[in-house]
Amino acid sequence: MGLIVLENYTVKIDPRPPTTTGFHFVIEFESGGYQCLGTSSESERSSWMESLKHASFSSIRAKLTSLKLQIQSKLSMGAHSIVVADLEEGTPIDEPGLIKASGYVKDVSESPLCEISISCDNLLCDSHGRAPNVKCVVHVRNGPGQNWIKYGSTELIERSSNPIFLTTMSFRESDGVCEQSDARFTIFNVRERMTGTQTMIGHLIVSLGSLKNIDRIRLPISSSSPHPGSTPHSHVGFLSIVVWNLEREERGSTESTPCRATASQPTHIRRHHEGDEKTVGDMIHIQPSPSSHGFSHRRTQSLPPRLGYKLKIPLQNNFGILYSQPFMQTYRFHSGLGGDIFVHEIMAESKFSFLFPQQLLSLWIAEEKELLQEMIGLGELREPWHTKQVKLLERHLWLINVYTQARNNLFHYKGTDFKLSSTKFDSTYEFVPLNLHLQRMWAQNESLHKNGFHDIITTGAYTATSQGFQQGGLGRMLNSYKQFDSNEKTNLKTHSAWYLANKVNMTYESVQGIKRLRKEIVERMQVIMKLAKERKTHGLHRFVEDIYHRCRLLLSICDQSLIEEAFDFLEHQKVTLSIPTSTSVDFDALGRSSDAPRLIIDEGIDTPNSPLRSVVELFKKRAEASKEVSSSEDHTPDSGLGIEDVVKSFLDSPSSNYYRPSEEPEPWDLTQLNIEASVISLNSKVISLAGQGANISFSSLRPIQRAQSVKTQLNSGSPKVISDSWRKSLREESSSSTTTSGSKGGKLSLVPLNLNIPSSVAGPDTTKSFPVPSTVSKNGEDWGEELRASLKKLRLAMDGLLKTSRLAHSIFRLQENAEKSQLGYVIKYRRDVCFSQALTCLVTALMGRLWCRKPDPSFLYVMTRQGPLVTFHSYLTYLSDEASMFWDMKVAIEDLKSVEFVLTLQSGRRGEDETDFEPNPRLPFPLPKVSGSRSNLKILLPVPDGVFAMLPMGSSRSTSFVVTPVFLNIGINENASYAERFKSMESQEKSNHDNYSRLLDYHRQYQSLSLPIKYNNSKRNSTPEPNVPRLLDMLHEELLAKKKKNVEIIHLSATITRLMMGLRLTSCKSGKDRTAMAATLEQVQILSQDYDLAEHEFQLALDAMRSEGTRRENTLKNIGQRKYAFNSLQVFALPKVYRPPPGTFGATTT
């Protein structure tokens, strides 16, 4: 005899004509293949087919589910004579009048009808004298005869006849309950935690309206079935309920801490039966009475007597604007001082997840189009440069297509505001962080008079999972990229390889610097024109002086030797063309037809090797490839390839910032002379109008100490300091200019165009007063006309400088090693994906801190003076794919150091720094704006009026800062045990040491700040702050100890970050399982360190949060199961404090 296991199959009658006698049927398998069987009679065949259809695992599982429902229905019928409708917890129901399970709330600051804590005592033991494993489930209904709806449940207390549950129940009107609703408390004995097998001990029913009128009550639990040691309908124990009536904290309240509700009068209990049936449970109504205490007693002897305070729900302003689907759980823990710790745990989805990356993609698309235009501007080149040119064009087109498609996917996305962990391998939304959520805890200890919010941003690893990990992640790819230079340098025995590599970087940074300075100068030119039209002379000369200093910087950015080298290459390699006079490229016809485009000769576009011809042919091929789906294409902003816009703007714009293929570059000396002459002319005209101007001359306009030539330094044998040298010169020029122009911190300050010009725009006055010439009348009709010519000439001169820099950059890119250039584009794509995820998470953390909590002057002071500390904790294992994820995260977090954040007052107007692509102009919440470039990114963070009013004085419109990111990684799973035993962990250890050094440097600067003193109403109860230097020393000792799975590194750094008012982000591969263990542990550690959580309740609180808290809901949202993706072996491999309680793990999907 044997056993045949069947799965994933269908059973049906064989449609083929039988080859033998009998009654045949076929078993077809989904994976392919079939098995033909036969019987001697039709009835026997039907019996076999019926048996086989119900033999699969899915069918047996469905039977088991049906039996469970029938058992539950029988239990409910025996207790209430009606069927209990057990809705899945977390199922959102928005229909009015229906009750939904507790958890998801519309308003996190909603005041509930009441909040209750539950405890039991004197529960009966079984026949062996063993105490039960107790769990309480609460059902509610809105009237007799209606279905009971499962509302919530407590955590499981093992082996206790007197359990005190830490999870509380909050009854909210938004859930569909009211004062007329009834609550049924059912006590279960959980026989087996892994399968959830349980038996009912007893139950009782209470009216919510009655609960609101009492402070605490003790009620008997009735048993509806025979119990060992009891008779039917006897009491099997008592249930104690402590009630809090909470109110919403008023806006603008001066109270430092919420307070408890006033205790009500003693109560007595009236009990009666529903109907005449003896099996119906007792319905208990509670009414106030001045005479009897009934069964009332305190929930626990450690609780204090009733206090005359009123507990208030903390006000969380604007929470619903930035976050969606908030899920809340409440707890009451005991403190060591005999009081209670009130805890609200909230998990919510960030609305920035799919919206913010769209702006980054728009910026990167625009940058790729600029690089495409630069390469087209070279014109037709001789071989082999023409082939390289076409390859670069193809790469730009490919990247533009990929980014445009990704942006369109995000634009049309409709669904939850987070990316499911089960979709990590899908490239459709690869720029979106995985499983991004806000994990927030509000805690209050009445005895300490202390309360506060504690936020953790939880997410998956910042990695490009859909691109694979064959090349080892960004860190190793960047090392391979740098290796090209070292290999060439070793082979050539010269510095030419280094020189060529740095020419690309230097010219790129020159282009970005010129664009930034040009924009700032244009803004000041607009202010000058505004003042001139309004005939205001006050402060006019100071803007001229500001322009003068920025022009000095412009002339210092570009190295003349690089420009000359680029011109020399172009002179020898460019094909000379005869230039016709007309231009027309019909891209509309090109998009409608696959025929050859209709062209009229111009700019050499009709020559066989023209780069424009290459672009047109590539566009035609892609149009033919997408011809089948063109009819259903969505016309979103900037959708499609976008190449027609690139070429049209390139050919049609008379003031284009790119050289045309047939255009000769302007000599470098002439460009400098035009800028200098324009500034001098502008200054002279301002003197004639205002009688005062900047003290400049032709010789003083040029920088006193120009950056030394790259070639000169190359020949002197100091190639490693070239880049630093010219940057240092640039910083010195910037510092000297801002000293006289009133800028702070060595940064170039922007003056708003819509503000009145103050009398002290600049610092020390370095201007001169001149007599007003009689040739210019100050009573003229329009002073702007007097200045317009000079301003226009200066703008054209700056355009010429930008054209020349872009030309040099494109030439040096063309000369790069082909393999290195290809790897560079792969790195750029992967780096953008990882950076988008990291920056979105950081913006979520910053906006949540600024918008969804009360303004904190100390935090704003640190933010504007030094920049906030942002600590990233990761639990990736440095092995296999997770090692590649580690390198992706490391590079992405490092890139955050170069991002500049600017705080601006929230307004409904469109800012000048916004990109052209607006994802949704009707957004109901403040969306940060992105500007700049990859190397100089600027994020405009809108803040509310209350926050903006607390910003330091002297910032007329905005305040900028940069963050200090600290990245620490410790592996904790079973693979980490293998990696630490058999693999080298040197890279992870070095990364942790480097980030510790950064944390130490941040603390040194933090100590030098003069922080405002926090107001505290309870100095007598205040506890001394932990010693941060001592914690840093302990952290350093742990880093040197080289312990296995040394999670103490994570714990110490989290405490240090919290003491310095930093932001916290936690992640693992999916942001779901290891992250859940870490987030709940950090919350309980905060309760222990800051709110005096009783020592014996540490593990109990940890288990309660992991079993009934928000993180199990996170697993349900991601994989459809309320279980963490650990098996028993994996749980055993975790550090003890990271292990989930039994019955909460076992899922196989990550």
# chains A, B, ... in the order shown; residues from 1 in each chain; ligands from 1
>>> residues_around(residues="Gln389 (chain A)", least_positions_apart="3", cutoff="10 Å", atoms="only C-alpha atoms", output="PyMOL selection string")
chain A and resi 375-376+378-381+383-386+392-394+611+614+810-811+813-815
>>> residues_around(residues="region 103-115 of chain A", least_positions_apart="3", cutoff="6 Å", atoms="only C-alpha atoms", output="PDB file with C-alpha atoms, in the first residue's frame")
ATOM      1  CA  MET A 169     -10.000  49.307  24.646  1.00  0.00           C
ATOM      2  CA  SER A 170     -11.038  52.695  23.275  1.00  0.00           C
ATOM      3  CA  PHE A 171     -14.650  52.915  22.081  1.00  0.00           C
ATOM      4  CA  ARG A 172     -14.942  55.564  19.343  1.00  0.00           C
ATOM      5  CA  VAL A 243     -12.772  53.544  32.946  1.00  0.00           C
ATOM      6  CA  TRP A 244     -11.235  56.803  31.695  1.00  0.00           C
ATOM      7  CA  ASN A 245     -13.360  59.520  30.126  1.00  0.00           C
ATOM      8  CA  GLU A 247     -11.242  64.772  26.206  1.00  0.00           C
ATOM      9  CA  ARG A 248      -9.421  66.239  23.266  1.00  0.00           C
ATOM     10  CA  LEU A 315      -3.452  67.144  19.890  1.00  0.00           C
ATOM     11  CA  PRO A 326      -3.643  55.586  10.831  1.00  0.00           C
ATOM     12  CA  PHE A 327      -3.894  52.448  12.960  1.00  0.00           C
ATOM     13  CA  MET A 328      -3.938  52.990  16.725  1.00  0.00           C
TER      14      MET A 328
END
>>> select_by_dssp(residues="region 985-1121 of chain A", states="helix (DSSP H, G or I)", output="number ranges by chain")
A: 986-1007, 1019-1021, 1028-1041, 1048-1059, 1074-1090, 1095-1108, 1110-1119
>>> residues_around(residues="Pro220 (chain A)", least_positions_apart="3", cutoff="10 Å", atoms="only C-alpha atoms", output="PyMOL selection string")
chain A and resi 120-121+202-204+223+234-240+282+284+295
>>> atom_distance(atom1="CA of Leu337 (chain A)", atom2="CA of Asp1090 (chain A)")
12.9 Å
>>> closest_residue(among="A:Asn657, A:Ser984, A:Gln1085, A:Gln560", to="Glu1097 (chain A)", atoms="only C-alpha atoms")
A:Gln1085
>>> closest_atom_pairs(of="region 441-541 of chain A", to="region 872-891 of chain A", cutoff="7 Å", atoms="only C-alpha atoms", output="CSV")
residue,atom,partner,partner_atom,distance
A:Ala461,CA,A:Met885,CA,6.7
A:Tyr462,CA,A:Met889,CA,5.2
A:Thr463,CA,A:Asp888,CA,5.4
A:Phe469,CA,A:Ser884,CA,6.2
A:Gly472,CA,A:Ser884,CA,4.8
A:Gly473,CA,A:Ser884,CA,4.2
A:Leu474,CA,A:Asp888,CA,4.9
A:Gly475,CA,A:Trp887,CA,4.8
>>> write_last_selection(atoms="N, CA and C atoms", output="mmCIF file, in the first residue's frame")
data_model
loop_
_atom_site.group_PDB
_atom_site.id
_atom_site.type_symbol
_atom_site.label_atom_id
_atom_site.label_comp_id
_atom_site.auth_asym_id
_atom_site.auth_seq_id
_atom_site.Cartn_x
_atom_site.Cartn_y
_atom_site.Cartn_z
ATOM 1 N N ALA A 461 14.839 48.238 2.916
ATOM 2 C CA ALA A 461 16.169 48.713 2.538
ATOM 3 C C ALA A 461 16.091 49.609 1.313
ATOM 4 N N TYR A 462 16.961 50.634 1.281
ATOM 5 C CA TYR A 462 17.044 51.538 0.127
ATOM 6 C C TYR A 462 17.896 50.853 -0.935
ATOM 7 N N THR A 463 17.265 50.096 -1.781
ATOM 8 C CA THR A 463 18.004 49.292 -2.737
ATOM 9 C C THR A 463 17.190 49.120 -4.006
ATOM 10 N N PHE A 469 21.489 41.923 -8.058
ATOM 11 C CA PHE A 469 22.682 42.215 -7.252
ATOM 12 C C PHE A 469 23.918 41.512 -7.806
ATOM 13 N N GLY A 472 27.077 43.475 -7.008
ATOM 14 C CA GLY A 472 27.459 43.660 -5.615
ATOM 15 C C GLY A 472 27.012 44.929 -4.958
ATOM 16 N N GLY A 473 26.079 45.668 -5.523
ATOM 17 C CA GLY A 473 25.604 46.877 -4.868
ATOM 18 C C GLY A 473 26.414 48.099 -5.259
ATOM 19 N N LEU A 474 25.921 49.270 -4.860
ATOM 20 C CA LEU A 474 26.516 50.532 -5.299
ATOM 21 C C LEU A 474 27.953 50.720 -4.813
ATOM 22 N N GLY A 475 28.232 50.315 -3.573
ATOM 23 C CA GLY A 475 29.576 50.524 -3.050
ATOM 24 C C GLY A 475 30.627 49.817 -3.871
#
>>> atom_distance(atom1="CA of Ile341 (chain A)", atom2="CA of Ala1094 (chain A)")
9.8 Å
>>> closest_residue(among="A:Ser353, A:Lys854, A:Tyr1138, A:Ile71", to="Gly415 (chain A)", atoms="only C-alpha atoms")
A:Ser353
>>> closest_atom_pairs(of="region 842-886 of chain A", to="region 1039-1060 of chain A", cutoff="9 Å", atoms="only C-alpha atoms", output="tab-separated table")
residue	atom	partner	partner_atom	distance
A:Phe859	CA	A:Met1060	CA	8.8
A:Val862	CA	A:Met1060	CA	8.8
A:Pro868	CA	A:Met1060	CA	8.6
A:Leu869	CA	A:Thr1057	CA	7.0
A:Val870	CA	A:Thr1057	CA	7.7
A:Thr871	CA	A:Thr1057	CA	6.8
A:His873	CA	A:Ile1050	CA	6.8
A:Ser874	CA	A:Ile1050	CA	8.9
>>> write_last_selection(atoms="N, CA and C atoms", output="mmCIF file, in the first residue's frame")
data_model
loop_
_atom_site.group_PDB
_atom_site.id
_atom_site.type_symbol
_atom_site.label_atom_id
_atom_site.label_comp_id
_atom_site.auth_asym_id
_atom_site.auth_seq_id
_atom_site.Cartn_x
_atom_site.Cartn_y
_atom_site.Cartn_z
ATOM 1 N N PHE A 859 14.416 72.210 19.083
ATOM 2 C CA PHE A 859 14.659 71.465 17.850
ATOM 3 C C PHE A 859 14.896 72.414 16.676
ATOM 4 N N VAL A 862 18.414 73.875 16.919
ATOM 5 C CA VAL A 862 19.441 72.939 16.458
ATOM 6 C C VAL A 862 19.375 72.780 14.940
ATOM 7 N N PRO A 868 19.844 68.931 11.756
ATOM 8 C CA PRO A 868 19.462 67.813 12.623
ATOM 9 C C PRO A 868 20.315 66.581 12.393
ATOM 10 N N LEU A 869 20.439 65.790 13.436
ATOM 11 C CA LEU A 869 21.074 64.478 13.344
ATOM 12 C C LEU A 869 20.027 63.461 12.898
ATOM 13 N N VAL A 870 20.368 62.649 11.912
ATOM 14 C CA VAL A 870 19.451 61.629 11.398
ATOM 15 C C VAL A 870 20.167 60.292 11.462
ATOM 16 N N THR A 871 19.652 59.389 12.295
ATOM 17 C CA THR A 871 20.289 58.090 12.501
ATOM 18 C C THR A 871 19.497 57.015 11.775
ATOM 19 N N HIS A 873 19.170 53.052 11.292
ATOM 20 C CA HIS A 873 19.512 51.735 11.823
ATOM 21 C C HIS A 873 19.037 50.672 10.845
ATOM 22 N N SER A 874 19.925 49.756 10.519
ATOM 23 C CA SER A 874 19.599 48.691 9.567
ATOM 24 C C SER A 874 19.947 47.345 10.188
#
>>> residues_around(residues="Ser56 (chain A)", least_positions_apart="3", cutoff="7 Å", atoms="only C-alpha atoms", output="PDB file with all heavy atoms, in the first residue's frame")
ATOM      1  N   LEU A   6      -2.009  14.620  -4.017  1.00  0.00           N
ATOM      2  CA  LEU A   6      -2.437  15.387  -5.181  1.00  0.00           C
ATOM      3  C   LEU A   6      -2.638  16.844  -4.780  1.00  0.00           C
ATOM      4  O   LEU A   6      -3.182  17.134  -3.719  1.00  0.00           O
ATOM      5  CB  LEU A   6      -3.747  14.831  -5.743  1.00  0.00           C
ATOM      6  CG  LEU A   6      -3.721  13.381  -6.264  1.00  0.00           C
ATOM      7  CD1 LEU A   6      -5.110  12.979  -6.693  1.00  0.00           C
ATOM      8  CD2 LEU A   6      -2.728  13.247  -7.407  1.00  0.00           C
ATOM      9  N   GLU A   7      -2.182  17.771  -5.667  1.00  0.00           N
ATOM     10  CA  GLU A   7      -2.357  19.206  -5.436  1.00  0.00           C
ATOM     11  C   GLU A   7      -2.253  19.920  -6.777  1.00  0.00           C
ATOM     12  O   GLU A   7      -1.567  19.456  -7.690  1.00  0.00           O
ATOM     13  CB  GLU A   7      -1.301  19.730  -4.460  1.00  0.00           C
ATOM     14  CG  GLU A   7      -1.559  21.143  -3.945  1.00  0.00           C
ATOM     15  CD  GLU A   7      -2.877  21.251  -3.188  1.00  0.00           C
ATOM     16  OE1 GLU A   7      -3.119  20.452  -2.257  1.00  0.00           O
ATOM     17  OE2 GLU A   7      -3.682  22.112  -3.581  1.00  0.00           O
ATOM     18  N   LYS A  53     -11.920  15.445  -6.055  1.00  0.00           N
ATOM     19  CA  LYS A  53     -12.115  16.892  -6.061  1.00  0.00           C
ATOM     20  C   LYS A  53     -11.960  17.490  -4.667  1.00  0.00           C
ATOM     21  O   LYS A  53     -11.543  18.631  -4.517  1.00  0.00           O
ATOM     22  CB  LYS A  53     -13.491  17.235  -6.625  1.00  0.00           C
ATOM     23  CG  LYS A  53     -13.609  17.085  -8.129  1.00  0.00           C
ATOM     24  CD  LYS A  53     -15.012  17.443  -8.609  1.00  0.00           C
ATOM     25  CE  LYS A  53     -15.127  17.299 -10.124  1.00  0.00           C
ATOM     26  NZ  LYS A  53     -16.502  17.609 -10.602  1.00  0.00           N
ATOM     27  N   SER A  59      -9.055  22.360  -0.474  1.00  0.00           N
ATOM     28  CA  SER A  59     -10.402  21.936  -0.134  1.00  0.00           C
ATOM     29  C   SER A  59     -10.509  21.571   1.343  1.00  0.00           C
ATOM     30  O   SER A  59     -11.476  21.934   2.021  1.00  0.00           O
ATOM     31  CB  SER A  59     -10.801  20.738  -1.004  1.00  0.00           C
ATOM     32  OG  SER A  59     -12.093  20.281  -0.665  1.00  0.00           O
ATOM     33  N   ILE A  60      -9.510  20.851   1.852  1.00  0.00           N
ATOM     34  CA  ILE A  60      -9.522  20.489   3.276  1.00  0.00           C
ATOM     35  C   ILE A  60      -9.421  21.743   4.142  1.00  0.00           C
ATOM     36  O   ILE A  60     -10.065  21.849   5.190  1.00  0.00           O
ATOM     37  CB  ILE A  60      -8.367  19.512   3.578  1.00  0.00           C
ATOM     38  CG1 ILE A  60      -8.590  18.195   2.813  1.00  0.00           C
ATOM     39  CG2 ILE A  60      -8.250  19.247   5.065  1.00  0.00           C
ATOM     40  CD1 ILE A  60      -7.453  17.209   2.953  1.00  0.00           C
TER      41      ILE A  60
END
>>> residues_around(residues="Lys63 (chain A)", least_positions_apart="6", cutoff="10 Å", atoms="only C-alpha atoms", output="ChimeraX atom specification")
/A:54,57,69
>>> atom_distance(atom1="CA of Arg524 (chain A)", atom2="CA of Ser898 (chain A)")
25.7 Å
>>> residues_around(residues="Pro433 (chain A)", least_positions_apart="2", cutoff="12 Å", atoms="only C-alpha atoms", output="PyMOL selection string")
chain A and resi 349-357+417-421+423-424+427+429-431+435-437+457-465+833-844+889+1067+1069-1071
>>> select_by_dssp(residues="region 346-467 of chain A", states="strand (DSSP E)", output="PyMOL selection string")
chain A and resi 346-350+437-445+450-460
>>> residues_around(residues="region 931-939 of chain A", least_positions_apart="5", cutoff="9 Å", atoms="only C-alpha atoms", output="number ranges by chain")
A: 359-360, 363-364, 367, 509, 512-513, 516, 832, 843, 898-903, 913-915
>>> closest_residue(among="A:Arg981, A:Arg806, A:Lys533, A:Lys1136", to="Leu372 (chain A)", atoms="only C-alpha atoms")
A:Arg806
>>> closest_residue(among="A:Ala976, A:Leu562, A:Ala677, A:Val943", to="Val504 (chain A)", atoms="only C-alpha atoms")
A:Leu562
>>> decode(residues="region 405-492 of chain A", atoms="C-alpha atoms", output="mmCIF file, in the first residue's frame")
data_model
loop_
_atom_site.group_PDB
_atom_site.id
_atom_site.type_symbol
_atom_site.label_atom_id
_atom_site.label_comp_id
_atom_site.auth_asym_id
_atom_site.auth_seq_id
_atom_site.Cartn_x
_atom_site.Cartn_y
_atom_site.Cartn_z
ATOM 1 C CA GLN A 405 7.832 55.838 -17.807
ATOM 2 C CA ALA A 406 8.558 55.579 -14.083
ATOM 3 C CA ARG A 407 7.141 59.051 -13.500
ATOM 4 C CA ASN A 408 4.012 58.253 -15.497
ATOM 5 C CA ASN A 409 3.549 55.068 -13.448
ATOM 6 C CA LEU A 410 3.677 57.099 -10.249
ATOM 7 C CA PHE A 411 1.403 59.780 -11.688
ATOM 8 C CA HIS A 412 -1.327 57.252 -12.522
ATOM 9 C CA TYR A 413 -0.928 55.169 -9.377
ATOM 10 C CA LYS A 414 -4.118 54.582 -7.417
ATOM 11 C CA GLY A 415 -3.990 52.526 -4.252
ATOM 12 C CA THR A 416 -2.526 52.505 -0.783
ATOM 13 C CA ASP A 417 0.057 55.099 0.157
ATOM 14 C CA PHE A 418 2.813 52.538 0.655
ATOM 15 C CA LYS A 419 4.607 49.993 -1.489
ATOM 16 C CA LEU A 420 3.927 46.405 -0.401
ATOM 17 C CA SER A 421 6.944 44.361 0.636
ATOM 18 C CA SER A 422 5.735 41.522 -1.579
ATOM 19 C CA THR A 423 6.268 43.766 -4.652
ATOM 20 C CA LYS A 424 9.931 44.484 -4.005
ATOM 21 C CA PHE A 425 10.984 42.729 -7.230
ATOM 22 C CA ASP A 426 8.587 44.762 -9.384
ATOM 23 C CA SER A 427 10.333 47.614 -11.216
ATOM 24 C CA THR A 428 7.113 49.572 -11.839
ATOM 25 C CA TYR A 429 7.507 51.588 -8.650
ATOM 26 C CA GLU A 430 11.191 51.044 -7.936
ATOM 27 C CA PHE A 431 11.758 54.702 -6.991
ATOM 28 C CA VAL A 432 9.260 54.360 -4.115
ATOM 29 C CA PRO A 433 10.580 53.286 -0.689
ATOM 30 C CA LEU A 434 9.412 49.862 0.389
ATOM 31 C CA ASN A 435 6.781 49.623 3.154
ATOM 32 C CA LEU A 436 7.264 53.206 4.355
ATOM 33 C CA HIS A 437 5.338 53.919 7.567
ATOM 34 C CA LEU A 438 5.427 56.312 10.471
ATOM 35 C CA GLN A 439 5.656 54.496 13.812
ATOM 36 C CA ARG A 440 4.637 56.969 16.524
ATOM 37 C CA MET A 441 4.289 56.517 20.274
ATOM 38 C CA TRP A 442 2.802 59.017 22.696
ATOM 39 C CA ALA A 443 3.505 58.269 26.345
ATOM 40 C CA GLN A 444 2.605 59.981 29.597
ATOM 41 C CA ASN A 445 3.523 59.247 33.199
ATOM 42 C CA GLU A 446 1.290 61.090 35.646
ATOM 43 C CA SER A 447 3.651 60.606 38.561
ATOM 44 C CA LEU A 448 6.578 62.147 36.684
ATOM 45 C CA HIS A 449 4.379 64.811 35.040
ATOM 46 C CA LYS A 450 6.071 63.866 31.796
ATOM 47 C CA ASN A 451 4.751 63.143 28.323
ATOM 48 C CA GLY A 452 5.988 63.240 24.772
ATOM 49 C CA PHE A 453 5.934 61.914 21.220
ATOM 50 C CA HIS A 454 8.522 59.491 19.888
ATOM 51 C CA ASP A 455 8.667 58.822 16.138
ATOM 52 C CA ILE A 456 10.421 56.147 14.124
ATOM 53 C CA ILE A 457 10.256 55.950 10.330
ATOM 54 C CA THR A 458 10.157 52.275 9.344
ATOM 55 C CA THR A 459 10.914 51.108 5.819
ATOM 56 C CA GLY A 460 12.579 48.462 3.731
ATOM 57 C CA ALA A 461 16.169 48.713 2.538
ATOM 58 C CA TYR A 462 17.044 51.538 0.127
ATOM 59 C CA THR A 463 18.004 49.292 -2.737
ATOM 60 C CA ALA A 464 17.228 48.488 -6.367
ATOM 61 C CA THR A 465 15.989 44.936 -5.871
ATOM 62 C CA SER A 466 14.428 44.771 -9.328
ATOM 63 C CA GLN A 467 17.840 45.420 -10.946
ATOM 64 C CA GLY A 468 19.456 42.458 -9.221
ATOM 65 C CA PHE A 469 22.682 42.215 -7.252
ATOM 66 C CA GLN A 470 25.062 40.639 -9.727
ATOM 67 C CA GLN A 471 27.541 43.525 -9.404
ATOM 68 C CA GLY A 472 27.459 43.660 -5.615
ATOM 69 C CA GLY A 473 25.604 46.877 -4.868
ATOM 70 C CA LEU A 474 26.516 50.532 -5.299
ATOM 71 C CA GLY A 475 29.576 50.524 -3.050
ATOM 72 C CA ARG A 476 31.349 47.820 -5.010
ATOM 73 C CA MET A 477 30.213 49.256 -8.332
ATOM 74 C CA LEU A 478 31.726 52.624 -7.394
ATOM 75 C CA ASN A 479 34.964 50.893 -6.425
ATOM 76 C CA SER A 480 35.019 49.217 -9.844
ATOM 77 C CA TYR A 481 34.337 52.595 -11.441
ATOM 78 C CA LYS A 482 37.298 54.146 -9.637
ATOM 79 C CA GLN A 483 39.453 51.172 -10.532
ATOM 80 C CA PHE A 484 39.406 52.213 -14.189
ATOM 81 C CA ASP A 485 41.438 55.296 -13.315
ATOM 82 C CA SER A 486 43.950 53.464 -11.163
ATOM 83 C CA ASN A 487 44.460 50.770 -13.811
ATOM 84 C CA GLU A 488 45.045 53.302 -16.581
ATOM 85 C CA LYS A 489 47.286 55.337 -14.342
ATOM 86 C CA THR A 490 49.374 52.264 -13.542
ATOM 87 C CA ASN A 491 49.634 51.267 -17.193
ATOM 88 C CA LEU A 492 50.544 54.721 -18.492
#
